[in-house]
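Structure data follow from entry_24.pdb (PDB, C-alpha atoms):
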```
ATOM      1  CA  MET A   1       0.000   0.000   0.000
ATOM      2  CA  ALA A   2       1.513   3.346  -1.029
ATOM      3  CA  PRO A   3       1.631   6.186   1.498
ATOM      4  CA  ARG A   4      -1.234   8.622   1.120
ATOM      5  CA  VAL A   5      -1.349  12.404   1.337
ATOM      6  CA  ARG A   6      -3.899  13.957   3.653
ATOM      7  CA  ALA A   7      -6.236  16.364   1.933
ATOM      8  CA  GLY A   8      -6.676  19.843   3.324
ATOM      9  CA  GLU A   9      -3.255  20.241   4.952
ATOM     10  CA  SER A  10      -1.027  23.139   3.960
ATOM     11  CA  LYS A  11       2.044  20.911   4.068
ATOM     12  CA  ALA A  12       1.504  17.515   2.458
ATOM     13  CA  LYS A  13       1.734  14.940   5.214
ATOM     14  CA  THR A  14       2.451  11.364   4.243
ATOM     15  CA  VAL A  15       0.076   8.953   5.929
ATOM     16  CA  ALA A  16       1.583   5.496   5.973
ATOM     17  CA  HIS A  17       0.241   2.097   6.926
ATOM     18  CA  VAL A  18       2.654   0.893   9.652
ATOM     19  CA  LEU A  19       2.766  -2.576  11.194
ATOM     20  CA  ILE A  20       4.436  -2.890  14.613
ATOM     21  CA  VAL A  21       5.637  -6.305  15.767
ATOM     22  CA  ASP A  22       6.996  -6.459  19.321
ATOM     23  CA  ASP A  23       6.460  -9.028  22.066
ATOM     24  CA  THR A  24       6.621  -6.411  24.863
ATOM     25  CA  ASP A  25       3.159  -4.942  25.428
ATOM     26  CA  ILE A  26       4.259  -1.539  26.719
ATOM     27  CA  VAL A  27       6.737  -1.005  23.869
ATOM     28  CA  ARG A  28       4.194  -2.091  21.263
ATOM     29  CA  LYS A  29       1.460   0.165  22.659
ATOM     30  CA  ALA A  30       3.852   3.136  22.980
ATOM     31  CA  LEU A  31       5.018   2.713  19.373
ATOM     32  CA  GLU A  32       1.443   2.429  18.146
ATOM     33  CA  LEU A  33       0.389   5.577  20.024
ATOM     34  CA  ALA A  34       3.445   7.535  18.836
ATOM     35  CA  LEU A  35       2.928   6.538  15.196
ATOM     36  CA  ARG A  36      -0.753   7.444  15.321
ATOM     37  CA  ARG A  37       0.135  10.823  16.807
ATOM     38  CA  MET A  38       2.513  11.270  13.879
ATOM     39  CA  GLY A  39      -0.531  10.821  11.642
ATOM     40  CA  HIS A  40       0.081   7.268  10.462
ATOM     41  CA  ALA A  41      -2.321   4.332  10.423
ATOM     42  CA  ALA A  42      -0.649   1.960  12.874
ATOM     43  CA  ILE A  43      -1.584  -1.564  13.846
ATOM     44  CA  SER A  44       0.363  -3.902  16.071
ATOM     45  CA  THR A  45       0.796  -7.502  17.058
ATOM     46  CA  CYS A  46       2.975  -9.430  19.477
ATOM     47  CA  ASP A  47       3.107 -12.447  17.184
ATOM     48  CA  ALA A  48       5.376 -12.786  14.147
ATOM     49  CA  GLN A  49       3.124 -15.436  12.582
ATOM     50  CA  GLU A  50       0.175 -13.044  12.727
ATOM     51  CA  ALA A  51       2.416 -10.344  11.205
ATOM     52  CA  LEU A  52       3.155 -12.694   8.287
ATOM     53  CA  GLU A  53      -0.550 -13.128   7.658
ATOM     54  CA  LEU A  54      -1.346  -9.421   8.025
ATOM     55  CA  ALA A  55       1.381  -8.450   5.553
ATOM     56  CA  GLU A  56       0.281 -11.063   3.038
ATOM     57  CA  ARG A  57      -3.255  -9.631   3.080
ATOM     58  CA  GLN A  58      -2.126  -6.003   2.960
ATOM     59  CA  PRO A  59       1.610  -5.253   2.923
ATOM     60  CA  PRO A  60       2.333  -2.211   5.097
ATOM     61  CA  ASP A  61       4.398   0.742   3.910
ATOM     62  CA  LEU A  62       6.659   0.291   6.932
ATOM     63  CA  ALA A  63       7.135  -2.404   9.559
ATOM     64  CA  VAL A  64       8.698  -1.674  12.936
ATOM     65  CA  LEU A  65      10.093  -5.014  14.123
ATOM     66  CA  ASP A  66      11.549  -6.083  17.427
ATOM     67  CA  TYR A  67      14.767  -7.927  16.665
ATOM     68  CA  ARG A  68      14.462 -10.468  19.516
ATOM     69  CA  MET A  69      11.117 -12.174  19.955
ATOM     70  CA  PRO A  70      10.125 -15.685  21.031
ATOM     71  CA  LYS A  71       9.168 -18.222  18.349
ATOM     72  CA  MET A  72      10.326 -16.068  15.400
ATOM     73  CA  SER A  73      12.840 -13.211  15.518
ATOM     74  CA  GLY A  74      12.388  -9.966  13.626
ATOM     75  CA  ALA A  75      15.204 -11.030  11.305
ATOM     76  CA  ALA A  76      13.458 -14.347  10.577
ATOM     77  CA  LEU A  77      10.200 -12.494   9.916
ATOM     78  CA  PHE A  78      12.022 -10.135   7.518
ATOM     79  CA  ARG A  79      13.552 -13.159   5.735
ATOM     80  CA  ARG A  80      10.098 -14.751   5.336
ATOM     81  CA  TRP A  81       8.622 -11.502   4.002
ATOM     82  CA  ARG A  82      11.451 -11.155   1.492
ATOM     83  CA  GLY A  83      10.750 -14.693   0.287
ATOM     84  CA  THR A  84       6.960 -14.502   0.150
ATOM     85  CA  LEU A  85       6.284 -10.844  -0.649
ATOM     86  CA  GLY A  86       9.242 -10.093  -2.911
ATOM     87  CA  ASP A  87       8.909  -6.528  -4.222
ATOM     88  CA  ARG A  88       5.894  -5.986  -1.964
ATOM     89  CA  CYS A  89       8.063  -6.515   1.145
ATOM     90  CA  PRO A  90       7.642  -3.486   3.419
ATOM     91  CA  LYS A  91      10.431  -1.187   4.466
ATOM     92  CA  VAL A  92      11.638  -2.415   7.855
ATOM     93  CA  LEU A  93      12.864  -0.476  10.875
ATOM     94  CA  PHE A  94      14.363  -2.722  13.570
ATOM     95  CA  VAL A  95      14.178  -1.851  17.275
ATOM     96  CA  SER A  96      16.236  -3.768  19.816
ATOM     97  CA  ALA A  97      18.149  -3.628  23.064
ATOM     98  CA  THR A  98      20.921  -5.279  21.010
ATOM     99  CA  SER A  99      23.413  -2.932  19.373
ATOM    100  CA  PRO A 100      22.393  -1.690  15.902
ATOM    101  CA  GLU A 101      25.697  -3.014  14.516
ATOM    102  CA  GLU A 102      24.951  -6.552  15.713
ATOM    103  CA  VAL A 103      21.434  -6.439  14.289
ATOM    104  CA  ALA A 104      22.739  -5.101  10.974
ATOM    105  CA  ARG A 105      25.278  -7.950  10.690
ATOM    106  CA  GLU A 106      22.434 -10.480  10.750
ATOM    107  CA  VAL A 107      19.896  -8.494   8.750
ATOM    108  CA  GLU A 108      21.891  -7.025   5.860
ATOM    109  CA  PRO A 109      22.505 -10.400   4.147
ATOM    110  CA  ILE A 110      18.698 -10.798   4.026
ATOM    111  CA  GLY A 111      18.061  -7.381   2.516
ATOM    112  CA  HIS A 112      18.345  -3.672   3.116
ATOM    113  CA  ALA A 113      16.665  -2.522   6.333
ATOM    114  CA  ALA A 114      15.398   1.052   6.551
ATOM    115  CA  GLY A 115      17.101   1.527   9.901
ATOM    116  CA  TYR A 116      18.003   0.316  13.355
ATOM    117  CA  MET A 117      17.079   1.860  16.695
ATOM    118  CA  LYS A 118      18.447   0.856  20.091
ATOM    119  CA  LYS A 119      15.945   0.565  22.943
ATOM    120  CA  PRO A 120      15.224   2.711  24.810
ATOM    121  CA  PHE A 121      14.883   5.490  22.253
ATOM    122  CA  ALA A 122      13.546   9.031  22.292
ATOM    123  CA  LEU A 123      10.354   9.996  20.489
ATOM    124  CA  ASP A 124      12.326  12.487  18.375
ATOM    125  CA  ASP A 125      14.571   9.654  17.187
ATOM    126  CA  LEU A 126      11.561   7.507  16.300
ATOM    127  CA  THR A 127       9.993  10.371  14.355
ATOM    128  CA  ARG A 128      13.202  11.003  12.420
ATOM    129  CA  MET A 129      13.794   7.330  11.642
ATOM    130  CA  VAL A 130      10.196   6.743  10.504
ATOM    131  CA  ASP A 131      10.289   9.834   8.276
ATOM    132  CA  GLU A 132      13.640   8.773   6.774
ATOM    133  CA  ALA A 133      12.426   5.201   6.235
ATOM    134  CA  LEU A 134       9.271   6.315   4.464
ATOM    135  CA  GLN A 135      11.208   8.685   2.217
ATOM    136  CA  SER A 136      13.896   6.127   1.283
ATOM    137  CA  LYS A 137      13.767   4.326  -2.045
ATOM    138  CA  HIS A 138      14.477   0.857  -0.536
TER     139      HIS A 138
END
```

Could you write out this file's structure as structure tokens?
Amino acid sequence: MAPRVRAGESKAKTVAHVLIVDDTDIVRKALELALRRMGHAAISTCDAQEALELAERQPPDLAVLDYRMPKMSGAALFRRWRGTLGDRCPKVLFVSATSPEEVAREVEPIGHAAGYMKKPFALDDLTRMVDEALQSKH
């Protein structure tokens, strides 16, 4: 789904469909609230399998994935999306308590990620990373 522009705003604001996948309730809810306040349509799940199904029905413009989750990691989810969705694979922003460099070492062989954020992160950093991810060509 391509980002949309809200009608009636003096500055065009991109409204994106964002899928959040994180097994920690408070992090997931905080991300969802922050993204909605940024003007995006955000949905979330704690389950990577459900995220696979959601993305197959309607690929999001951006996915914010926790790197470490039980059952299926964010990297494994990204790998599955790349295999099943191909060109429809969403842009992915990884969040993790693990260092961004360590996450990148595992993720980059799978495909280009839109970015990496270390938990905890500031709202300003989230806003910047989401905006950059949505504007990137990858």

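Atom to atom, atom CA of Lys118 of chain A and atom CA of Val95 of chain A stand 5.8 Å apart.
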
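Once the PyMOL selection byres ((chain A and resi 56) around 12) is applied to this file, the selection holds Met1, Gln49, Glu50, Ala51, Leu52, Glu53, Leu54, Ala55, Arg57, Gln58, Pro59, Pro60, Arg80, Trp81, Arg82, Gly83, Thr84, Leu85, Gly86, Arg88, Cys89 and Pro90 of chain A.
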
Can I get the selection written as a PDB file, in the coordinates of the input, with C-alpha atoms?
```
ATOM      1  CA  MET A   1       0.000   0.000   0.000  1.00  0.00           C
ATOM      2  CA  GLN A  49       3.124 -15.436  12.582  1.00  0.00           C
ATOM      3  CA  GLU A  50       0.175 -13.044  12.727  1.00  0.00           C
ATOM      4  CA  ALA A  51       2.416 -10.344  11.205  1.00  0.00           C
ATOM      5  CA  LEU A  52       3.155 -12.694   8.287  1.00  0.00           C
ATOM      6  CA  GLU A  53      -0.550 -13.128   7.658  1.00  0.00           C
ATOM      7  CA  LEU A  54      -1.346  -9.421   8.025  1.00  0.00           C
ATOM      8  CA  ALA A  55       1.381  -8.450   5.553  1.00  0.00           C
ATOM      9  CA  ARG A  57      -3.255  -9.631   3.080  1.00  0.00           C
ATOM     10  CA  GLN A  58      -2.126  -6.003   2.960  1.00  0.00           C
ATOM     11  CA  PRO A  59       1.610  -5.253   2.923  1.00  0.00           C
ATOM     12  CA  PRO A  60       2.333  -2.211   5.097  1.00  0.00           C
ATOM     13  CA  ARG A  80      10.098 -14.751   5.336  1.00  0.00           C
ATOM     14  CA  TRP A  81       8.622 -11.502   4.002  1.00  0.00           C
ATOM     15  CA  ARG A  82      11.451 -11.155   1.492  1.00  0.00           C
ATOM     16  CA  GLY A  83      10.750 -14.693   0.287  1.00  0.00           C
ATOM     17  CA  THR A  84       6.960 -14.502   0.150  1.00  0.00           C
ATOM     18  CA  LEU A  85       6.284 -10.844  -0.649  1.00  0.00           C
ATOM     19  CA  GLY A  86       9.242 -10.093  -2.911  1.00  0.00           C
ATOM     20  CA  ARG A  88       5.894  -5.986  -1.964  1.00  0.00           C
ATOM     21  CA  CYS A  89       8.063  -6.515   1.145  1.00  0.00           C
ATOM     22  CA  PRO A  90       7.642  -3.486   3.419  1.00  0.00           C
TER      23      PRO A  90
END
```

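Note that atom CA of Phe78 of chain A and atom CA of Arg105 of chain A are 13.8 Å apart.
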
Exercise for review: Can you turn the PyMOL selection byres ((chain A and resi 122-136) around 12) into a concrete residue list for this file, as a ChimeraX atom specification?
Suggested key: /A:2-4,13-20,30-40,60-64,90-95,112-121,137-138

Using only C-alpha atoms, please write the residues we just selected to a file, as a compact mmCIF listing (two decimals), keeping the file's coordinate frame.
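Final output, selection_25.txt:
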```txt
# COMPACT_ATOMS: atom_id res chain seq x y z
CA ALA A 2 1.51 3.35 -1.03
CA PRO A 3 1.63 6.19 1.50
CA ARG A 4 -1.23 8.62 1.12
CA LYS A 13 1.73 14.94 5.21
CA THR A 14 2.45 11.36 4.24
CA VAL A 15 0.08 8.95 5.93
CA ALA A 16 1.58 5.50 5.97
CA HIS A 17 0.24 2.10 6.93
CA VAL A 18 2.65 0.89 9.65
CA LEU A 19 2.77 -2.58 11.19
CA ILE A 20 4.44 -2.89 14.61
CA ALA A 30 3.85 3.14 22.98
CA LEU A 31 5.02 2.71 19.37
CA GLU A 32 1.44 2.43 18.15
CA LEU A 33 0.39 5.58 20.02
CA ALA A 34 3.44 7.54 18.84
CA LEU A 35 2.93 6.54 15.20
CA ARG A 36 -0.75 7.44 15.32
CA ARG A 37 0.14 10.82 16.81
CA MET A 38 2.51 11.27 13.88
CA GLY A 39 -0.53 10.82 11.64
CA HIS A 40 0.08 7.27 10.46
CA PRO A 60 2.33 -2.21 5.10
CA ASP A 61 4.40 0.74 3.91
CA LEU A 62 6.66 0.29 6.93
CA ALA A 63 7.14 -2.40 9.56
CA VAL A 64 8.70 -1.67 12.94
CA PRO A 90 7.64 -3.49 3.42
CA LYS A 91 10.43 -1.19 4.47
CA VAL A 92 11.64 -2.42 7.86
CA LEU A 93 12.86 -0.48 10.88
CA PHE A 94 14.36 -2.72 13.57
CA VAL A 95 14.18 -1.85 17.27
CA HIS A 112 18.34 -3.67 3.12
CA ALA A 113 16.66 -2.52 6.33
CA ALA A 114 15.40 1.05 6.55
CA GLY A 115 17.10 1.53 9.90
CA TYR A 116 18.00 0.32 13.36
CA MET A 117 17.08 1.86 16.70
CA LYS A 118 18.45 0.86 20.09
CA LYS A 119 15.94 0.56 22.94
CA PRO A 120 15.22 2.71 24.81
CA PHE A 121 14.88 5.49 22.25
CA LYS A 137 13.77 4.33 -2.04
CA HIS A 138 14.48 0.86 -0.54
```

Name the residues captured by the PyMOL selection byres ((chain A and resi 74) around 10) when it is applied to the shown file; answer as a PDB file with C-alpha atoms, in the coordinates of the input.
```
ATOM      1  CA  VAL A  21       5.637  -6.305  15.767  1.00  0.00           C
ATOM      2  CA  ASP A  22       6.996  -6.459  19.321  1.00  0.00           C
ATOM      3  CA  ALA A  48       5.376 -12.786  14.147  1.00  0.00           C
ATOM      4  CA  VAL A  64       8.698  -1.674  12.936  1.00  0.00           C
ATOM      5  CA  LEU A  65      10.093  -5.014  14.123  1.00  0.00           C
ATOM      6  CA  ASP A  66      11.549  -6.083  17.427  1.00  0.00           C
ATOM      7  CA  TYR A  67      14.767  -7.927  16.665  1.00  0.00           C
ATOM      8  CA  ARG A  68      14.462 -10.468  19.516  1.00  0.00           C
ATOM      9  CA  MET A  69      11.117 -12.174  19.955  1.00  0.00           C
ATOM     10  CA  PRO A  70      10.125 -15.685  21.031  1.00  0.00           C
ATOM     11  CA  MET A  72      10.326 -16.068  15.400  1.00  0.00           C
ATOM     12  CA  SER A  73      12.840 -13.211  15.518  1.00  0.00           C
ATOM     13  CA  ALA A  75      15.204 -11.030  11.305  1.00  0.00           C
ATOM     14  CA  ALA A  76      13.458 -14.347  10.577  1.00  0.00           C
ATOM     15  CA  LEU A  77      10.200 -12.494   9.916  1.00  0.00           C
ATOM     16  CA  PHE A  78      12.022 -10.135   7.518  1.00  0.00           C
ATOM     17  CA  ARG A  79      13.552 -13.159   5.735  1.00  0.00           C
ATOM     18  CA  ARG A  80      10.098 -14.751   5.336  1.00  0.00           C
ATOM     19  CA  VAL A  92      11.638  -2.415   7.855  1.00  0.00           C
ATOM     20  CA  LEU A  93      12.864  -0.476  10.875  1.00  0.00           C
ATOM     21  CA  PHE A  94      14.363  -2.722  13.570  1.00  0.00           C
ATOM     22  CA  VAL A  95      14.178  -1.851  17.275  1.00  0.00           C
ATOM     23  CA  SER A  96      16.236  -3.768  19.816  1.00  0.00           C
ATOM     24  CA  VAL A 103      21.434  -6.439  14.289  1.00  0.00           C
ATOM     25  CA  VAL A 107      19.896  -8.494   8.750  1.00  0.00           C
TER      26      VAL A 107
END
```

Check your understanding: So what do you get for atom CA of Ala97 of chain A versus atom CA of Asp23 of chain A, distance-wise?
Key -> 12.9 Å

What are the centre and edge lengths in Å, to one decimal, of the axis-aligned box around all listed atoms of segment 73-92 of chain A with 3 Å added on each side, as lines of an AutoDock Vina configuration file?
```
center_x = 10.5
center_y = -8.0
center_z = 5.6
size_x = 15.3
size_y = 19.6
size_z = 25.7
```
